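Q: Below you'll find model.txt; it's compact mmCIF, C-alpha atoms.
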# COMPACT_ATOMS: atom_id res chain seq x y z
CA MET A 214 189.00 -87.95 -25.77
CA TYR A 215 188.57 -84.82 -27.87
CA ALA A 216 186.47 -84.19 -30.96
CA ASP A 217 188.35 -85.18 -34.13
CA ARG A 218 187.36 -81.95 -35.85
CA ILE A 219 188.90 -79.73 -33.19
CA THR A 220 192.22 -81.58 -33.17
CA LYS A 221 192.57 -80.98 -36.91
CA ILE A 222 192.79 -77.21 -36.45
CA ALA A 223 196.40 -76.04 -36.33
CA PRO A 224 197.29 -73.11 -34.09
CA SER A 225 198.33 -69.95 -35.89
CA GLN A 226 201.95 -70.08 -37.01
CA THR A 227 202.27 -66.43 -36.08
CA ILE A 228 201.91 -67.27 -32.37
CA ALA A 229 205.61 -68.09 -31.94
CA ILE A 230 206.70 -64.69 -33.25
CA THR A 231 203.97 -62.83 -31.35
CA THR A 232 204.85 -64.60 -28.10
CA LEU A 233 208.55 -63.87 -28.54
CA ALA A 234 207.81 -60.22 -29.30
CA GLN A 235 205.72 -59.92 -26.14
CA GLU A 236 208.43 -61.58 -24.04
CA LEU A 237 211.12 -59.27 -25.38
CA LYS A 238 208.94 -56.21 -24.84
CA ALA A 239 208.24 -57.31 -21.26
CA GLN A 240 212.01 -57.47 -20.75
CA GLY A 241 212.23 -53.81 -21.73
CA LYS A 242 213.43 -54.37 -25.30
CA ASP A 243 212.53 -51.81 -27.98
CA ILE A 244 210.22 -53.76 -30.30
CA LEU A 245 208.78 -52.42 -33.57
CA SER A 246 205.82 -54.54 -34.64
CA PHE A 247 204.70 -54.69 -38.26
CA SER A 248 202.46 -57.71 -37.76
CA ALA A 249 199.14 -56.00 -37.01
CA GLY A 250 196.31 -56.55 -39.46
CA GLU A 251 194.38 -53.53 -38.28
CA PRO A 252 194.42 -49.78 -38.84
CA ASP A 253 196.18 -47.74 -36.16
CA PHE A 254 193.59 -44.95 -36.42
CA ASP A 255 190.80 -44.44 -33.91
CA THR A 256 187.24 -45.11 -35.02
CA PRO A 257 185.87 -41.88 -36.57
CA PRO A 258 184.11 -39.62 -34.02
CA CYS A 259 180.71 -39.63 -35.72
CA ILE A 260 180.56 -43.41 -35.39
CA GLU A 261 181.51 -43.24 -31.72
CA GLU A 262 178.81 -40.62 -31.19
CA ALA A 263 176.22 -42.90 -32.77
CA ALA A 264 177.24 -45.64 -30.33
CA LYS A 265 177.00 -43.25 -27.38
CA ALA A 266 173.54 -42.16 -28.50
CA ALA A 267 172.48 -45.82 -28.68
CA ILE A 268 173.68 -46.36 -25.13
CA ASP A 269 171.96 -43.22 -23.87
CA SER A 270 168.69 -44.27 -25.49
CA GLY A 271 168.81 -47.70 -23.84
CA PHE A 272 169.38 -49.62 -27.06
CA SER A 273 170.91 -52.54 -25.20
CA LYS A 274 168.55 -55.46 -25.81
CA TYR A 275 168.79 -58.50 -28.07
CA THR A 276 168.14 -57.82 -31.73
CA ALA A 277 167.12 -60.15 -34.55
CA VAL A 278 169.90 -62.65 -35.29
CA LYS A 279 170.52 -61.26 -38.77
CA GLY A 280 170.64 -57.63 -37.58
CA ILE A 281 168.32 -54.65 -37.12
CA PRO A 282 166.16 -53.86 -40.20
CA GLU A 283 167.65 -50.41 -40.84
CA LEU A 284 171.17 -51.83 -40.83
CA LEU A 285 170.23 -54.59 -43.28
CA GLN A 286 168.67 -51.99 -45.56
CA ALA A 287 171.81 -49.84 -45.37
CA ILE A 288 173.99 -52.84 -46.26
CA ALA A 289 171.78 -53.73 -49.22
CA LYS A 290 171.90 -50.12 -50.41
CA LYS A 291 175.70 -50.10 -50.10
CA PHE A 292 176.00 -53.35 -52.07
CA GLN A 293 173.76 -51.95 -54.81
CA SER A 294 175.16 -48.44 -55.11
CA GLU A 295 178.88 -49.08 -54.50
CA ASN A 296 179.40 -52.61 -55.80
CA GLY A 297 176.69 -53.19 -58.40
CA LEU A 298 175.42 -56.17 -56.38
CA ASP A 299 171.67 -56.62 -56.46
CA TYR A 300 171.17 -57.90 -52.92
CA ASN A 301 167.96 -56.97 -51.14
CA ALA A 302 167.68 -56.40 -47.39
CA ASP A 303 166.30 -59.93 -46.92
CA GLU A 304 169.40 -61.36 -48.65
CA VAL A 305 172.01 -60.01 -46.20
CA MET A 306 173.00 -60.78 -42.63
CA VAL A 307 175.32 -59.31 -40.00
CA SER A 308 177.86 -61.33 -38.03
CA ASN A 309 180.63 -60.86 -35.50
CA GLY A 310 183.22 -59.75 -38.00
CA ALA A 311 183.83 -61.05 -41.51
CA LYS A 312 185.46 -64.11 -39.94
CA GLN A 313 182.13 -65.33 -38.58
CA CYS A 314 180.59 -64.75 -42.01
CA LEU A 315 183.25 -67.08 -43.43
CA PHE A 316 182.65 -69.64 -40.70
CA ASN A 317 178.89 -69.59 -41.29
CA ALA A 318 179.29 -69.99 -45.05
CA PHE A 319 181.79 -72.86 -44.87
CA GLN A 320 179.75 -74.68 -42.23
CA ALA A 321 176.54 -74.29 -44.23
CA LEU A 322 177.99 -75.41 -47.57
CA ILE A 323 180.72 -77.99 -47.03
CA ASN A 324 180.08 -81.72 -46.78
CA PRO A 325 182.90 -84.15 -45.89
CA GLY A 326 185.31 -84.40 -48.82
CA ASP A 327 184.08 -81.30 -50.66
CA GLU A 328 186.97 -79.41 -52.24
CA VAL A 329 187.61 -75.72 -51.68
CA ILE A 330 190.02 -73.95 -54.04
CA ILE A 331 192.22 -71.41 -52.27
CA PRO A 332 194.92 -69.36 -54.06
CA THR A 333 198.22 -69.07 -52.22
CA PRO A 334 199.39 -67.04 -50.43
CA TYR A 335 196.14 -67.05 -48.47
CA TRP A 336 194.77 -65.38 -45.38
CA VAL A 337 195.61 -67.65 -42.46
CA SER A 338 192.07 -68.64 -41.43
CA TYR A 339 190.71 -69.91 -44.76
CA PRO A 340 192.23 -73.40 -44.73
CA GLU A 341 191.62 -73.96 -41.03
CA LEU A 342 187.93 -73.09 -41.38
CA VAL A 343 187.64 -75.41 -44.38
CA THR A 344 189.33 -78.24 -42.48
CA TYR A 345 187.06 -77.73 -39.47
CA SER A 346 184.06 -77.88 -41.79
CA GLY A 347 185.18 -81.26 -43.16
CA GLY A 348 186.36 -79.96 -46.52
CA LYS A 349 189.55 -80.54 -48.47
CA ASN A 350 191.79 -77.59 -49.26
CA VAL A 351 193.01 -77.36 -52.85
CA PHE A 352 195.78 -74.77 -53.03
CA LEU A 353 196.68 -72.96 -56.26
CA SER A 354 200.17 -71.49 -56.24
CA THR A 355 200.79 -67.98 -57.56
CA SER A 356 203.92 -65.94 -58.18
CA ALA A 357 205.12 -62.42 -58.83
CA ALA A 358 204.83 -63.15 -62.57
CA THR A 359 201.02 -63.17 -62.24
CA GLU A 360 200.99 -60.57 -59.44
CA PHE A 361 200.08 -63.39 -57.07
CA LYS A 362 196.74 -64.01 -58.81
CA ILE A 363 195.49 -67.31 -60.21
CA THR A 364 194.92 -67.77 -63.94
CA PRO A 365 191.89 -69.22 -65.74
CA ASP A 366 194.03 -72.17 -66.87
CA GLN A 367 194.99 -72.96 -63.27
CA LEU A 368 191.38 -72.81 -62.18
CA GLN A 369 190.22 -75.03 -65.05
CA LYS A 370 192.78 -77.70 -64.18
CA ALA A 371 191.86 -77.61 -60.49
CA LEU A 372 188.15 -78.22 -61.01
CA THR A 373 186.81 -81.68 -60.18
CA PRO A 374 183.33 -83.08 -59.54
CA LYS A 375 184.02 -82.48 -55.83
CA THR A 376 184.84 -78.77 -56.18
CA LYS A 377 182.40 -76.84 -54.00
CA ILE A 378 183.85 -73.36 -53.44
CA LEU A 379 186.41 -70.98 -54.92
CA VAL A 380 187.74 -68.42 -52.44
CA LEU A 381 188.70 -65.06 -53.94
CA THR A 382 190.20 -62.19 -51.94
CA THR A 383 190.55 -58.83 -53.60
CA PRO A 384 192.39 -56.74 -52.49
CA SER A 385 194.51 -59.54 -51.09
CA ASN A 386 195.85 -60.21 -47.65
CA PRO A 387 198.86 -60.68 -47.66
CA THR A 388 199.93 -59.47 -51.14
CA GLY A 389 197.81 -56.35 -51.58
CA MET A 390 197.07 -57.29 -55.19
CA ILE A 391 193.71 -56.67 -56.90
CA TYR A 392 191.98 -58.72 -59.58
CA THR A 393 190.90 -56.55 -62.51
CA LYS A 394 187.39 -56.81 -63.92
CA GLU A 395 188.79 -58.60 -66.97
CA GLU A 396 190.67 -61.12 -64.81
CA LEU A 397 187.55 -61.84 -62.77
CA ARG A 398 185.49 -62.21 -65.93
CA ALA A 399 187.98 -64.77 -67.29
CA LEU A 400 187.72 -66.80 -64.07
CA GLY A 401 183.95 -66.54 -64.26
CA GLU A 402 183.97 -67.99 -67.76
CA VAL A 403 185.71 -71.09 -66.40
CA LEU A 404 182.95 -71.51 -63.80
CA LYS A 405 180.10 -70.73 -66.19
CA ASP A 406 178.76 -74.29 -66.57
CA THR A 407 179.61 -75.48 -63.04
CA LYS A 408 177.80 -75.38 -59.69
CA VAL A 409 180.84 -74.01 -57.88
CA TRP A 410 180.20 -71.30 -55.32
CA VAL A 411 182.46 -68.24 -55.20
CA LEU A 412 183.21 -66.81 -51.80
CA SER A 413 184.31 -63.23 -52.51
CA ASP A 414 186.12 -61.68 -49.54
CA GLU A 415 186.11 -57.91 -50.12
CA ILE A 416 187.06 -56.65 -46.65
CA TYR A 417 189.81 -54.36 -48.02
CA GLU A 418 187.71 -52.82 -50.81
CA LYS A 419 188.06 -49.24 -49.54
CA LEU A 420 191.85 -49.45 -49.32
CA VAL A 421 192.74 -49.20 -53.01
CA TYR A 422 195.63 -47.08 -54.28
CA GLU A 423 195.98 -48.05 -57.96
CA GLY A 424 193.30 -49.13 -60.39
CA SER A 425 189.88 -50.05 -59.08
CA MET A 426 188.30 -52.87 -57.15
CA PHE A 427 185.47 -54.85 -58.81
CA SER A 428 183.08 -57.27 -57.11
CA PHE A 429 182.93 -60.74 -58.63
CA GLY A 430 179.17 -60.95 -58.08
CA ALA A 431 178.65 -57.86 -60.25
CA LEU A 432 179.74 -59.81 -63.33
CA GLU A 433 176.89 -60.81 -65.61
CA GLY A 434 175.45 -64.16 -64.56
CA GLN A 435 177.64 -64.60 -61.46
CA LEU A 436 175.58 -63.16 -58.60
CA GLU A 437 173.64 -66.38 -57.97
CA ARG A 438 176.80 -68.34 -57.21
CA THR A 439 178.51 -65.59 -55.23
CA ILE A 440 178.58 -65.07 -51.48
CA THR A 441 179.97 -61.58 -50.92
CA ILE A 442 181.65 -60.97 -47.58
CA ASN A 443 182.61 -57.58 -46.22
CA GLY A 444 182.77 -55.62 -42.98
CA LEU A 445 183.80 -52.41 -41.29
CA SER A 446 187.02 -53.47 -39.54
CA LYS A 447 189.54 -52.31 -42.13
CA ALA A 448 187.79 -49.52 -44.02
CA VAL A 449 186.40 -47.65 -41.02
CA SER A 450 188.94 -48.72 -38.37
CA MET A 451 186.32 -50.67 -36.41
CA THR A 452 188.25 -53.89 -35.77
CA GLY A 453 187.15 -54.21 -32.14
CA TRP A 454 183.50 -53.47 -32.87
CA ARG A 455 183.17 -56.84 -34.67
CA VAL A 456 180.86 -55.97 -37.55
CA GLY A 457 180.93 -58.19 -40.62
CA TYR A 458 178.22 -58.78 -43.18
CA LEU A 459 177.47 -60.90 -46.21
CA GLY A 460 175.08 -61.08 -49.11
CA THR A 461 173.69 -64.11 -50.94
CA LYS A 462 170.81 -64.58 -53.39
CA ASP A 463 170.22 -68.07 -51.98
CA LYS A 464 167.67 -67.52 -49.21
CA THR A 465 167.80 -71.15 -48.17
CA LEU A 466 171.52 -70.85 -47.59
CA LEU A 467 170.89 -67.64 -45.65
CA LYS A 468 168.30 -69.45 -43.51
CA HIS A 469 170.81 -72.17 -42.65
CA MET A 470 173.52 -69.66 -41.75
CA LEU A 471 171.10 -67.75 -39.54
CA ALA A 472 170.10 -70.98 -37.80
CA LEU A 473 173.76 -71.71 -37.09
CA GLN A 474 174.40 -68.21 -35.79
CA SER A 475 171.25 -68.32 -33.66
CA HIS A 476 172.74 -71.26 -31.74
CA SER A 477 176.28 -69.89 -31.48
CA THR A 478 176.48 -66.12 -30.96
CA SER A 479 172.97 -64.98 -31.86
CA SER A 480 172.95 -61.32 -32.96
CA ILE A 481 175.99 -59.08 -32.81
CA ASN A 482 176.27 -56.34 -30.22
CA SER A 483 173.29 -53.97 -30.44
CA ILE A 484 175.39 -50.83 -29.87
CA ALA A 485 177.84 -51.85 -32.61
CA GLN A 486 174.91 -52.17 -35.01
CA LYS A 487 173.92 -48.55 -34.47
CA ALA A 488 177.54 -47.51 -34.94
CA ALA A 489 177.72 -49.55 -38.15
CA LEU A 490 174.54 -47.92 -39.41
CA ALA A 491 176.10 -44.48 -39.02
CA ALA A 492 179.21 -45.65 -40.87
CA LEU A 493 177.23 -47.10 -43.77
CA GLN A 494 175.11 -43.98 -44.02
CA GLY A 495 178.27 -42.04 -44.86
CA CYS A 496 179.00 -40.01 -41.75
CA ALA A 497 182.69 -40.99 -41.87
CA ASP A 498 183.32 -40.82 -45.62
CA LYS A 499 185.89 -38.01 -45.22
CA ASP A 500 187.65 -39.93 -42.46
CA ILE A 501 187.76 -43.05 -44.63
CA GLU A 502 189.36 -41.10 -47.49
CA ASN A 503 191.87 -39.47 -45.16
CA MET A 504 192.87 -42.87 -43.81
CA ARG A 505 193.21 -44.23 -47.34
CA LEU A 506 195.50 -41.35 -48.32
CA ALA A 507 197.58 -41.87 -45.20
CA PHE A 508 197.94 -45.58 -45.98
CA LYS A 509 198.92 -44.73 -49.54
CA GLU A 510 201.71 -42.45 -48.30
CA ARG A 511 202.89 -45.16 -45.93
CA ARG A 512 202.69 -47.73 -48.73
CA ASP A 513 204.87 -45.57 -50.97
CA THR A 514 207.40 -44.99 -48.19
CA ALA A 515 207.59 -48.65 -47.15
CA TYR A 516 207.75 -49.91 -50.74
CA ALA A 517 210.54 -47.54 -51.81
CA GLY A 518 212.57 -48.14 -48.69
CA LEU A 519 212.17 -51.90 -48.73
CA ASN A 520 213.24 -52.26 -52.33
CA GLY A 521 216.32 -50.23 -51.55
CA ILE A 522 217.56 -52.92 -49.16
CA LYS A 523 219.85 -55.45 -50.80
CA GLY A 524 218.46 -58.97 -50.61
CA LEU A 525 214.80 -57.95 -50.16
CA SER A 526 212.15 -57.17 -52.76
CA ALA A 527 208.41 -56.71 -53.05
CA LEU A 528 205.83 -55.85 -55.68
CA LYS A 529 204.00 -52.57 -55.16
CA PRO A 530 200.70 -53.45 -53.45
CA GLN A 531 197.62 -52.02 -55.11
CA GLY A 532 195.46 -52.19 -51.99
CA ALA A 533 195.16 -53.31 -48.33
CA PHE A 534 198.10 -52.37 -46.07
CA TYR A 535 200.75 -55.06 -46.45
CA LEU A 536 204.05 -55.60 -48.24
CA TRP A 537 204.67 -59.20 -49.36
CA ILE A 538 208.45 -59.35 -49.14
CA GLN A 539 210.68 -61.93 -50.81
CA ILE A 540 213.60 -62.89 -48.57
CA PRO A 541 216.81 -64.86 -49.08
CA GLY A 542 216.31 -68.55 -48.39
CA GLN A 543 213.12 -70.43 -47.67
CA ASN A 544 212.81 -70.50 -43.87
CA SER A 545 210.56 -67.52 -43.15
CA MET A 546 210.00 -68.44 -39.48
CA GLU A 547 213.75 -68.52 -38.81
CA PHE A 548 214.17 -65.20 -40.65
CA CYS A 549 211.47 -63.58 -38.50
CA GLN A 550 212.81 -65.00 -35.25
CA LYS A 551 216.35 -63.77 -35.93
CA LEU A 552 215.12 -60.35 -37.08
CA LEU A 553 213.08 -59.98 -33.90
CA GLU A 554 215.88 -61.12 -31.61
CA GLU A 555 218.65 -59.11 -33.27
CA GLN A 556 216.86 -55.92 -34.36
CA GLY A 557 213.55 -55.91 -32.46
CA VAL A 558 211.43 -55.94 -35.64
CA ALA A 559 208.36 -58.19 -35.81
CA LEU A 560 207.15 -59.42 -39.22
CA VAL A 561 204.87 -62.35 -40.05
CA PRO A 562 206.49 -65.42 -41.66
CA GLY A 563 205.22 -66.36 -45.10
CA ILE A 564 204.61 -69.96 -44.05
CA ALA A 565 201.63 -68.68 -42.05
CA PHE A 566 200.09 -67.79 -45.42
CA GLY A 567 201.06 -71.07 -47.05
CA VAL A 568 204.19 -69.86 -48.87
CA GLU A 569 207.86 -70.01 -47.93
CA GLY A 570 210.53 -67.51 -48.94
CA PHE A 571 208.40 -64.48 -48.04
CA VAL A 572 207.39 -62.41 -45.02
CA ARG A 573 204.51 -59.97 -44.53
CA MET A 574 205.00 -56.43 -43.31
CA SER A 575 202.02 -54.32 -42.28
CA TYR A 576 202.33 -50.58 -42.86
CA ALA A 577 199.29 -49.82 -40.73
CA CYS A 578 201.52 -47.78 -38.44
CA SER A 579 203.16 -44.36 -38.33
CA LEU A 580 205.66 -43.12 -40.92
CA GLU A 581 208.17 -42.72 -38.09
CA GLN A 582 207.87 -46.40 -37.20
CA ILE A 583 208.16 -47.39 -40.87
CA HIS A 584 211.38 -45.39 -41.28
CA ALA A 585 212.81 -46.86 -38.07
CA GLY A 586 211.83 -50.37 -39.10
CA LEU A 587 213.44 -50.02 -42.52
CA GLU A 588 216.68 -48.85 -40.92
CA ARG A 589 216.73 -51.91 -38.69
CA LEU A 590 215.93 -54.19 -41.62
CA LYS A 591 218.84 -52.67 -43.51
CA LYS A 592 221.18 -53.34 -40.60
CA PHE A 593 219.90 -56.90 -40.30
CA MET A 594 220.41 -57.63 -44.00
CA ALA A 595 223.91 -56.11 -43.88
The structure given in the file should be rewritten as structure tokens.
A:
Amino acid sequence: MYADRITKIAPSQTIAITTLAQELKAQGKDILSFSAGEPDFDTPPCIEEAAKAAIDSGFSKYTAVKGIPELLQAIAKKFQSENGLDYNADEVMVSNGAKQCLFNAFQALINPGDEVIIPTPYWVSYPELVTYSGGKNVFLSTSAATEFKITPDQLQKALTPKTKILVLTTPSNPTGMIYTKEELRALGEVLKDTKVWVLSDEIYEKLVYEGSMFSFGALEGQLERTITINGLSKAVSMTGWRVGYLGTKDKTLLKHMLALQSHSTSSINSIAQKAALAALQGCADKDIENMRLAFKERRDTAYAGLNGIKGLSALKPQGAFYLWIQIPGQNSMEFCQKLLEEQGVALVPGIAFGVEGFVRMSYACSLEQIHAGLERLKKFMA
């Protein structure tokens, strides 16, 4: 009755917790949610003003599918100056969030049976998008011993003639860990004589607290195989504006992705494109840094408090805005349900990210909420 491909997509495993949290809140319960994957700050004023100016000037018509020329040029300039990625304006496109960039790339590259290597824990949408595209997920387990990053030896052993794509996320959701330049170079050496694509998801690049973030495509000899995906949701607090973008040196691939987008969503919102242009031209750089410093303070508070609770532990995240918390036992969904029911604290179960024995806590919220949440966690664990 229904298409086989749509029945293979599993609903998000976070829905049960989210639904329960909403029900309890509707009943008047005091719920503290640490599940949000978005900044709690408003979009910077200069970006909002650019959007208002676009509205006032009547900039409300369809645009080219890939985006307005000045925005594409700004993205290319950002890639070149900030990331060392030599993408030209005709090698980038804009989509409805980084998620649509991922969807376009997987749909354009994967044939039935192609293998996609995904390190675990992973962001929840990667495997579902691969499955929908007809691919086979190949998961590589990581641990605290490697800071939840895959090793060259793991990658080498996972490669087969059917390997099509390696997905890399740095900084990571949900662990907050960052691959160093040397670690990326070692992975690149493994891929040197292969035709494997690298899908580099860099959406959290501006939220770095220790060390530095390096783009895989900036490594010598790796740009041709790399599809770099980014956006403005996390760095500039523009989650609802839905602005994602990607770069690829393969213009045929870009053509195919544009054809797909032309028949699905077409261009993204015209007003959002003008807002994104202002953001990429640097009007909100001070706001971005202020948000980063605020997240760093929250990270430090959440990390210190969490590791002071007996039975819980987490590595110090280097970027993004999550704590990846090891819990007693292996049933993360049960842990989250009980915590929500007994203490009114909402976390995301690790099984949603492909790993049991962990939960994810977002610290994209106020320090007051973090302190209150830690107190409730302490009571729960006691």
Q: Compile the contact shell of Met504 in chain A as a PyMOL selection string: residues with an atom at most 8 Å away, counting only C-alpha atoms, same-chain residues fewer than 4 positions apart removed.
A: chain A and resi 254+500+508
Q: Find the spatial neighbours of Glu295 in chain A, counting only C-alpha atoms, within a cut-off of 12 Å - ignore same-chain residues fewer than 6 positions away - and output them as a list in words.
A: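 Skipping anything fewer than 6 positions along the chain leaves Ala287, Ile288, Ala289, Glu418, Lys419, Ser425, Met426, Phe427, Ser428, Ala431, Leu493 and Gly495 of chain A.
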Q: Do you know which residues are at most 9 Å from Tyr300 in chain A counting only C-alpha atoms, after dropping those on the same chain fewer than 3 positions away, and could you put them as a PDB file with C-alpha atoms, in the coordinates of the input?
A:
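Listing of selection_19.pdb after writing:
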ATOM      1  CA  ILE A 288     173.990 -52.840 -46.260  1.00  0.00           C
ATOM      2  CA  ALA A 289     171.780 -53.730 -49.220  1.00  0.00           C
ATOM      3  CA  LYS A 290     171.900 -50.120 -50.410  1.00  0.00           C
ATOM      4  CA  PHE A 292     176.000 -53.350 -52.070  1.00  0.00           C
ATOM      5  CA  GLN A 293     173.760 -51.950 -54.810  1.00  0.00           C
ATOM      6  CA  ASP A 303     166.300 -59.930 -46.920  1.00  0.00           C
ATOM      7  CA  GLU A 304     169.400 -61.360 -48.650  1.00  0.00           C
ATOM      8  CA  VAL A 305     172.010 -60.010 -46.200  1.00  0.00           C
ATOM      9  CA  LEU A 436     175.580 -63.160 -58.600  1.00  0.00           C
ATOM     10  CA  GLY A 460     175.080 -61.080 -49.110  1.00  0.00           C
ATOM     11  CA  THR A 461     173.690 -64.110 -50.940  1.00  0.00           C
ATOM     12  CA  LYS A 462     170.810 -64.580 -53.390  1.00  0.00           C
TER      13      LYS A 462
END
Q: Pick the closest to Phe272 in chain A from A:Ser246, A:Asn296, A:Ser483, A:Thr514: which is it, counting all atoms listed in the file?
A: A:Ser483
Q: Which residue is closest to Pro334 in chain A? Choose from A:Glu360, A:Asp243, A:Asp463, A:Asp498 and count all atoms listed in the file.
A: A:Glu360
Q: Report, in Å to a single decimal, how far apart CA of Pro252 in chain A and CA of Ile222 in chain A are.
A: 27.6 Å
Q: Pick out the residues sitting within 10 Å of range 471-475 of chain A, and hand them over as an MDAnalysis selection string; count all atoms listed in the file, and ignore anything fewer than 3 positions along from it in its own chain.
A: chainID A and resid 277:279 306:309 313:314 316:318 320:321 465:468 478:481
Q: Save out the residues we just selected, C-alpha atoms, as a compact mmCIF listing (two decimals), keeping the file's coordinate frame.
A:
# COMPACT_ATOMS: atom_id res chain seq x y z
CA ALA A 277 167.12 -60.15 -34.55
CA VAL A 278 169.90 -62.65 -35.29
CA LYS A 279 170.52 -61.26 -38.77
CA MET A 306 173.00 -60.78 -42.63
CA VAL A 307 175.32 -59.31 -40.00
CA SER A 308 177.86 -61.33 -38.03
CA ASN A 309 180.63 -60.86 -35.50
CA GLN A 313 182.13 -65.33 -38.58
CA CYS A 314 180.59 -64.75 -42.01
CA PHE A 316 182.65 -69.64 -40.70
CA ASN A 317 178.89 -69.59 -41.29
CA ALA A 318 179.29 -69.99 -45.05
CA GLN A 320 179.75 -74.68 -42.23
CA ALA A 321 176.54 -74.29 -44.23
CA THR A 465 167.80 -71.15 -48.17
CA LEU A 466 171.52 -70.85 -47.59
CA LEU A 467 170.89 -67.64 -45.65
CA LYS A 468 168.30 -69.45 -43.51
CA THR A 478 176.48 -66.12 -30.96
CA SER A 479 172.97 -64.98 -31.86
CA SER A 480 172.95 -61.32 -32.96
CA ILE A 481 175.99 -59.08 -32.81
Q: Tell me which of A:Ala595, A:Ile268, A:Ala249, A:Ile564 sits closest to Ser225 in chain A, counting all atoms listed in the file.
A: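 Smallest separation from Ser225 in chain A among the options: A:Ile564.
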Q: Sorted by chain and rising residue number, which residues of range 385-464 of chain A lie within 12 Å of range 569-587 of chain A, and what are their closest atom pairs and distances in Å to one decimal, counting only C-alpha atoms, as a Markdown table?
A:
| residue | atom | partner | partner_atom | distance |
| --- | --- | --- | --- | --- |
| A:Ser385 | CA | A:Arg573 | CA | 12.0 |
| A:Asn386 | CA | A:Arg573 | CA | 9.2 |
| A:Pro387 | CA | A:Arg573 | CA | 6.5 |
| A:Thr388 | CA | A:Arg573 | CA | 8.1 |
| A:Gly389 | CA | A:Arg573 | CA | 10.4 |
| A:Leu420 | CA | A:Ala577 | CA | 11.4 |
| A:Lys447 | CA | A:Ala577 | CA | 10.2 |
| A:Ala448 | CA | A:Ala577 | CA | 12.0 |
| A:Ser450 | CA | A:Ala577 | CA | 10.7 |
Q: Using all atoms listed in the file, determine which residues lie at most 10 Å from Lys523 in chain A, disregarding the query and same-chain residues fewer than 2 positions distant; provide the list as a PDB file with C-alpha atoms, in the coordinates of the input.
A:
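This went into part.pdb:
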ATOM      1  CA  LEU A 519     212.170 -51.900 -48.730  1.00  0.00           C
ATOM      2  CA  ASN A 520     213.240 -52.260 -52.330  1.00  0.00           C
ATOM      3  CA  GLY A 521     216.320 -50.230 -51.550  1.00  0.00           C
ATOM      4  CA  LEU A 525     214.800 -57.950 -50.160  1.00  0.00           C
ATOM      5  CA  SER A 526     212.150 -57.170 -52.760  1.00  0.00           C
ATOM      6  CA  ILE A 540     213.600 -62.890 -48.570  1.00  0.00           C
ATOM      7  CA  LYS A 591     218.840 -52.670 -43.510  1.00  0.00           C
ATOM      8  CA  MET A 594     220.410 -57.630 -44.000  1.00  0.00           C
ATOM      9  CA  ALA A 595     223.910 -56.110 -43.880  1.00  0.00           C
TER      10      ALA A 595
END
Q: CA of Leu490 in chain A to CA of Ala533 in chain A: how many Å, to one decimal?
A: 23.1 Å
Q: Quick one: of A:Thr276, A:Thr373, A:Asn503, A:Gln550, who's nearest to Ile484 in chain A, counting only C-alpha atoms?
A: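 The answer is A:Thr276, which sits nearest to Ile484 in chain A.
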Q: Compare A:Trp336, A:Val329, A:Gln531, A:Lys487 by their minimum atom-to-atom distance to Val561 in chain A, counting all atoms listed in the file, and give me the closest one.
A: A:Trp336
Q: Counting all atoms listed in the file, which residue out of A:Arg398, A:Lys274, A:Arg512, A:Lys375 sits closest to Asn324 in chain A?
A: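 Smallest separation from Asn324 in chain A among the options: A:Lys375.
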